[in-house]
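**Student:** File name target-v3.pdb; file contents PDB, C-alpha atoms; full text below.
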```pdb
ATOM      1  CA  MET N   1       0.000   0.000   0.000
ATOM      2  CA  LEU N   2       1.251   3.483  -0.811
ATOM      3  CA  ASP N   3       2.248   5.759   2.029
ATOM      4  CA  ALA N   4      -0.361   8.516   2.402
ATOM      5  CA  SER N   5       2.307  11.186   2.024
ATOM      6  CA  VAL N   6       3.225   9.814  -1.402
ATOM      7  CA  ALA N   7      -0.250   9.311  -2.788
ATOM      8  CA  ALA N   8      -1.451  11.738  -5.421
ATOM      9  CA  PRO N   9      -5.084  12.797  -5.806
ATOM     10  CA  ALA N  10      -7.282   9.895  -6.882
ATOM     11  CA  GLU N  11      -7.699  11.232 -10.417
ATOM     12  CA  ALA N  12      -3.891  11.341 -10.886
ATOM     13  CA  GLN N  13      -3.281   7.798  -9.654
ATOM     14  CA  ALA N  14      -2.820   5.090 -12.218
ATOM     15  CA  THR N  15      -5.071   2.097 -12.093
ATOM     16  CA  HIS N  16      -2.230  -0.233 -12.991
ATOM     17  CA  THR N  17      -0.289  -2.317 -10.470
ATOM     18  CA  ASP N  18       2.137  -5.132 -11.265
ATOM     19  CA  ARG N  19       3.202  -7.795  -8.790
ATOM     20  CA  LEU N  20       6.100 -10.145  -9.461
ATOM     21  CA  THR N  21       7.217 -13.044  -7.307
ATOM     22  CA  GLY N  22      10.523 -14.845  -7.263
ATOM     23  CA  PRO N  23      11.284 -18.538  -7.291
ATOM     24  CA  PRO N  24       9.732 -20.513  -4.408
ATOM     25  CA  GLU N  25      13.119 -21.078  -2.764
ATOM     26  CA  THR N  26      13.841 -17.326  -2.619
ATOM     27  CA  PRO N  27      11.443 -15.049  -0.729
ATOM     28  CA  PHE N  28      10.842 -12.135  -3.128
ATOM     29  CA  THR N  29       7.974  -9.974  -4.274
ATOM     30  CA  LEU N  30       7.968  -6.743  -6.217
ATOM     31  CA  ASP N  31       4.999  -4.405  -6.524
ATOM     32  CA  MET N  32       5.034  -1.571  -9.058
ATOM     33  CA  ARG N  33       2.514   1.252  -8.910
ATOM     34  CA  PHE N  34       2.272   4.485 -10.814
ATOM     35  CA  VAL N  35       1.317   7.650  -8.979
ATOM     36  CA  GLY N  36       1.079  10.526 -11.401
ATOM     37  CA  ARG N  37       4.460  10.714 -13.154
ATOM     38  CA  ARG N  38       6.164   8.592 -10.481
ATOM     39  CA  ALA N  39       6.732   4.840 -10.492
ATOM     40  CA  VAL N  40       6.982   3.297  -7.027
ATOM     41  CA  LEU N  41       8.565  -0.152  -6.838
ATOM     42  CA  SER N  42       8.366  -1.956  -3.490
ATOM     43  CA  VAL N  43      10.598  -4.969  -2.920
ATOM     44  CA  THR N  44      10.077  -7.561  -0.213
ATOM     45  CA  GLY N  45      12.605 -10.296   0.512
ATOM     46  CA  GLU N  46      15.955 -11.112  -1.058
ATOM     47  CA  ILE N  47      17.538  -9.573  -4.135
ATOM     48  CA  ASP N  48      20.086 -12.029  -5.478
ATOM     49  CA  MET N  49      21.126 -13.659  -8.738
ATOM     50  CA  THR N  50      17.755 -15.416  -9.046
ATOM     51  CA  THR N  51      15.595 -12.336  -8.391
ATOM     52  CA  ALA N  52      17.745  -9.456  -9.699
ATOM     53  CA  PRO N  53      16.652 -10.039 -13.325
ATOM     54  CA  ALA N  54      13.014  -9.410 -12.296
ATOM     55  CA  LEU N  55      14.097  -6.265 -10.444
ATOM     56  CA  GLN N  56      16.094  -5.060 -13.429
ATOM     57  CA  GLU N  57      13.186  -5.706 -15.796
ATOM     58  CA  ALA N  58      10.801  -3.809 -13.517
ATOM     59  CA  LEU N  59      13.236  -0.901 -13.170
ATOM     60  CA  GLU N  60      13.656  -0.711 -16.955
ATOM     61  CA  SER N  61       9.885  -0.743 -17.432
ATOM     62  CA  ALA N  62       9.386   1.959 -14.810
ATOM     63  CA  ALA N  63      12.175   4.106 -16.270
ATOM     64  CA  GLY N  64      10.516   3.993 -19.662
ATOM     65  CA  ARG N  65       7.118   5.013 -18.306
ATOM     66  CA  ALA N  66       7.759   7.477 -15.461
ATOM     67  CA  PHE N  67       9.516  10.784 -14.890
ATOM     68  CA  GLU N  68      10.916   9.552 -11.587
ATOM     69  CA  VAL N  69      11.411   6.101 -10.099
ATOM     70  CA  TRP N  70      11.203   5.358  -6.399
ATOM     71  CA  LEU N  71      12.660   2.019  -5.296
ATOM     72  CA  ASP N  72      11.404   1.129  -1.817
ATOM     73  CA  LEU N  73      13.786  -1.373  -0.231
ATOM     74  CA  THR N  74      12.560  -1.055   3.353
ATOM     75  CA  ALA N  75      11.192  -4.632   3.282
ATOM     76  CA  ALA N  76      14.192  -6.060   1.408
ATOM     77  CA  THR N  77      16.259  -8.312   3.644
ATOM     78  CA  PHE N  78      19.288  -9.012   1.436
ATOM     79  CA  MET N  79      20.962  -7.637  -1.683
ATOM     80  CA  ASP N  80      23.975  -9.045  -3.485
ATOM     81  CA  SER N  81      26.096  -7.624  -6.306
ATOM     82  CA  THR N  82      23.509  -8.472  -8.966
ATOM     83  CA  GLY N  83      21.003  -6.196  -7.235
ATOM     84  CA  ILE N  84      23.603  -3.450  -6.921
ATOM     85  CA  HIS N  85      24.340  -3.829 -10.634
ATOM     86  CA  ALA N  86      20.633  -3.435 -11.493
ATOM     87  CA  VAL N  87      20.330  -0.280  -9.375
ATOM     88  CA  ALA N  88      23.560   1.249 -10.695
ATOM     89  CA  GLY N  89      22.537   0.530 -14.288
ATOM     90  CA  ILE N  90      19.136   2.149 -13.981
ATOM     91  CA  ARG N  91      20.654   5.115 -12.162
ATOM     92  CA  ALA N  92      22.962   5.732 -15.125
ATOM     93  CA  ARG N  93      20.069   5.477 -17.570
ATOM     94  CA  LEU N  94      17.877   7.854 -15.576
ATOM     95  CA  VAL N  95      20.651  10.413 -15.069
ATOM     96  CA  GLU N  96      21.309  10.389 -18.810
ATOM     97  CA  ALA N  97      17.601  11.043 -19.445
ATOM     98  CA  ASP N  98      17.540  13.817 -16.782
ATOM     99  CA  ARG N  99      15.199  11.767 -14.619
ATOM    100  CA  ARG N 100      15.292  10.916 -10.950
ATOM    101  CA  LEU N 101      15.941   7.706  -9.016
ATOM    102  CA  VAL N 102      15.077   7.710  -5.321
ATOM    103  CA  LEU N 103      15.887   4.836  -2.984
ATOM    104  CA  ILE N 104      13.875   4.308   0.177
ATOM    105  CA  CYS N 105      16.138   2.293   2.447
ATOM    106  CA  HIS N 106      16.536   2.439   6.206
ATOM    107  CA  ASP N 107      19.685   1.450   8.085
ATOM    108  CA  GLY N 108      20.324  -2.268   7.900
ATOM    109  CA  PRO N 109      21.928  -4.915   5.699
ATOM    110  CA  VAL N 110      20.696  -3.559   2.358
ATOM    111  CA  ARG N 111      21.709   0.024   3.161
ATOM    112  CA  ARG N 112      25.100  -1.258   4.294
ATOM    113  CA  VAL N 113      25.702  -2.734   0.815
ATOM    114  CA  PHE N 114      25.250   0.713  -0.746
ATOM    115  CA  THR N 115      27.614   2.211   1.836
ATOM    116  CA  LEU N 116      30.289  -0.466   1.377
ATOM    117  CA  THR N 117      30.261  -0.071  -2.406
ATOM    118  CA  GLY N 118      30.294   3.729  -2.202
ATOM    119  CA  LEU N 119      27.075   3.986  -4.195
ATOM    120  CA  ASP N 120      25.431   5.821  -1.320
ATOM    121  CA  ARG N 121      27.458   8.882  -2.387
ATOM    122  CA  HIS N 122      25.883   8.779  -5.864
ATOM    123  CA  LEU N 123      22.306   7.818  -5.016
ATOM    124  CA  GLU N 124      19.495   9.762  -3.425
ATOM    125  CA  ILE N 125      18.603   7.594  -0.412
ATOM    126  CA  HIS N 126      15.942   8.347   2.191
ATOM    127  CA  PRO N 127      14.956   6.271   5.240
ATOM    128  CA  SER N 128      11.211   6.445   4.475
ATOM    129  CA  ARG N 129       8.742   7.452   1.790
ATOM    130  CA  SER N 130       7.657  10.451   3.819
ATOM    131  CA  ALA N 131      11.284  11.638   4.045
ATOM    132  CA  ALA N 132      11.653  11.232   0.276
ATOM    133  CA  HIS N 133       8.389  13.082  -0.282
ATOM    134  CA  ASN N 134       9.493  15.940   1.984
ATOM    135  CA  ALA N 135      12.787  16.172   0.061
ATOM    136  CA  THR N 136      10.844  16.791  -3.170
ATOM    137  CA  ALA N 137       8.616  19.480  -1.680
TER     138      ALA N 137
END
```
Would you mind giving the structure from this file in structure tokens?

**Tutor:**
Amino acid sequence: MLDASVAAPAEAQATHTDRLTGPPETPFTLDMRFVGRRAVLSVTGEIDMTTAPALQEALESAAGRAFEVWLDLTAATFMDSTGIHAVAGIRARLVEADRRLVLICHDGPVRRVFTLTGLDRHLEIHPSRSAAHNATA
């Protein structure tokens, strides 16, 4: 469900939501919703070599259809290098198109991966959707 602070007026919200699930042995779901000109992708579970292709495909789809892409990783429990690669790749594409990528990621194992790789210095990361929303206001 979208955070109330992120939701646009009802007439601006898209009626389209996608939900992807990963292989049964890997806990993973990805919801994609469009709110006005923003795509909001919410990931639950593990992002690894078996689920990163679904994440990358969803990010590519969102980047082609939205002015800005929000990737909510607050319910993600793990991310390996394939997930980092997907995020870094879409960031480059969006920057080139003068569009915005926002990560929603609180302190924890996934955030630590961005810090260890140094990507946190190149990404816009907020601990919550409301913090990201307030940064755009």

**Student:** What's around Arg65 (chain N) at 12 Å? Count only C-alpha atoms, leave out sequence neighbours fewer than 6 positions away in its own chain, and write the answer as an mmCIF file with C-alpha atoms, in the coordinates of the input.

**Tutor:**
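Final output, selection04.cif:
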```
data_model
loop_
_atom_site.group_PDB
_atom_site.id
_atom_site.type_symbol
_atom_site.label_atom_id
_atom_site.label_comp_id
_atom_site.auth_asym_id
_atom_site.auth_seq_id
_atom_site.Cartn_x
_atom_site.Cartn_y
_atom_site.Cartn_z
ATOM 1 C CA ALA N 14 -2.820 5.090 -12.218
ATOM 2 C CA HIS N 16 -2.230 -0.233 -12.991
ATOM 3 C CA MET N 32 5.034 -1.571 -9.058
ATOM 4 C CA ARG N 33 2.514 1.252 -8.910
ATOM 5 C CA PHE N 34 2.272 4.485 -10.814
ATOM 6 C CA VAL N 35 1.317 7.650 -8.979
ATOM 7 C CA GLY N 36 1.079 10.526 -11.401
ATOM 8 C CA ARG N 37 4.460 10.714 -13.154
ATOM 9 C CA ARG N 38 6.164 8.592 -10.481
ATOM 10 C CA ALA N 39 6.732 4.840 -10.492
ATOM 11 C CA VAL N 40 6.982 3.297 -7.027
ATOM 12 C CA ALA N 58 10.801 -3.809 -13.517
ATOM 13 C CA LEU N 59 13.236 -0.901 -13.170
ATOM 14 C CA LEU N 94 17.877 7.854 -15.576
ATOM 15 C CA ARG N 99 15.199 11.767 -14.619
#
```

**Student:** Please, what distance in Å, to one decimal, runs between CA of Pro127 (chain N) and CA of Cys105 (chain N)?

**Tutor:**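 CA of Cys105 (chain N) lies at a distance of 5.0 Å from CA of Pro127 (chain N).
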
**Student:** I'd like to know which of N:Val102, N:Leu116, N:Leu30, N:Ala52 is closest to His133 (chain N), using all atoms listed in the file.

**Tutor:**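 That would be N:Val102, the residue with the smallest distance to His133 (chain N).
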
**Student:** Which one of N:Asp120, N:Asp48, N:Asp98, N:Glu68 sits closest to Pro27 (chain N) if you count all atoms listed in the file?

**Tutor:** N:Asp48

**Student:** Expand the PyMOL selection byres ((chain N and resi 95) around 12) into the individual residues it matches in the shown file, reporting them as a ChimeraX atom specification.

**Tutor:** /N:63,67-69,88-94,96-102,122-124

**Student:** Find the residue from N:Leu103, N:Ala135, N:Val113, N:Leu119 that sits nearest to Asp80 (chain N); use only C-alpha atoms when measuring.

**Tutor:**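 Of the candidates, the smallest distance to Asp80 (chain N) is held by N:Val113.
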
**Student:** Enumerate, as a list of chain:residue names, the residues matched when the PyMOL selection byres ((chain N and resi 47) around 6) is run on the file above.

**Tutor:**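 Output from the PyMOL selection byres ((chain N and resi 47) around 6), applied to this file: N:Glu46, N:Asp48, N:Thr51, N:Ala52, N:Phe78, N:Met79, N:Gly83.
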
**Student:** Select, from N:Gly64, N:Pro53, N:Gly108, N:Gly118, the residue with the minimum atom-to-atom distance to Ala76 (chain N), counting only C-alpha atoms.

**Tutor:**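 Using only C-alpha atoms, the shortest distance to Ala76 (chain N) belongs to N:Gly108.
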
**Student:** Smallest atom-to-atom distance to Ile125 (chain N): which of N:Met49, N:Val87, N:Ile104, N:Pro109, using only C-alpha atoms?

**Tutor:**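 When distances to Ile125 (chain N) are compared using only C-alpha atoms, the smallest one comes from N:Ile104.
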
**Student:** Quick check, in Å to one decimal: how far apart do CA of Thr117 (chain N) and CA of Ala75 (chain N) lie?

**Tutor:**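 Separation of CA of Thr117 (chain N) and CA of Ala75 (chain N): 20.4 Å.
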
**Student:** One decimal, Å: what's the distance from CA of Ser128 (chain N) over to CA of Phe114 (chain N), could you say?

**Tutor:** 16.0 Å
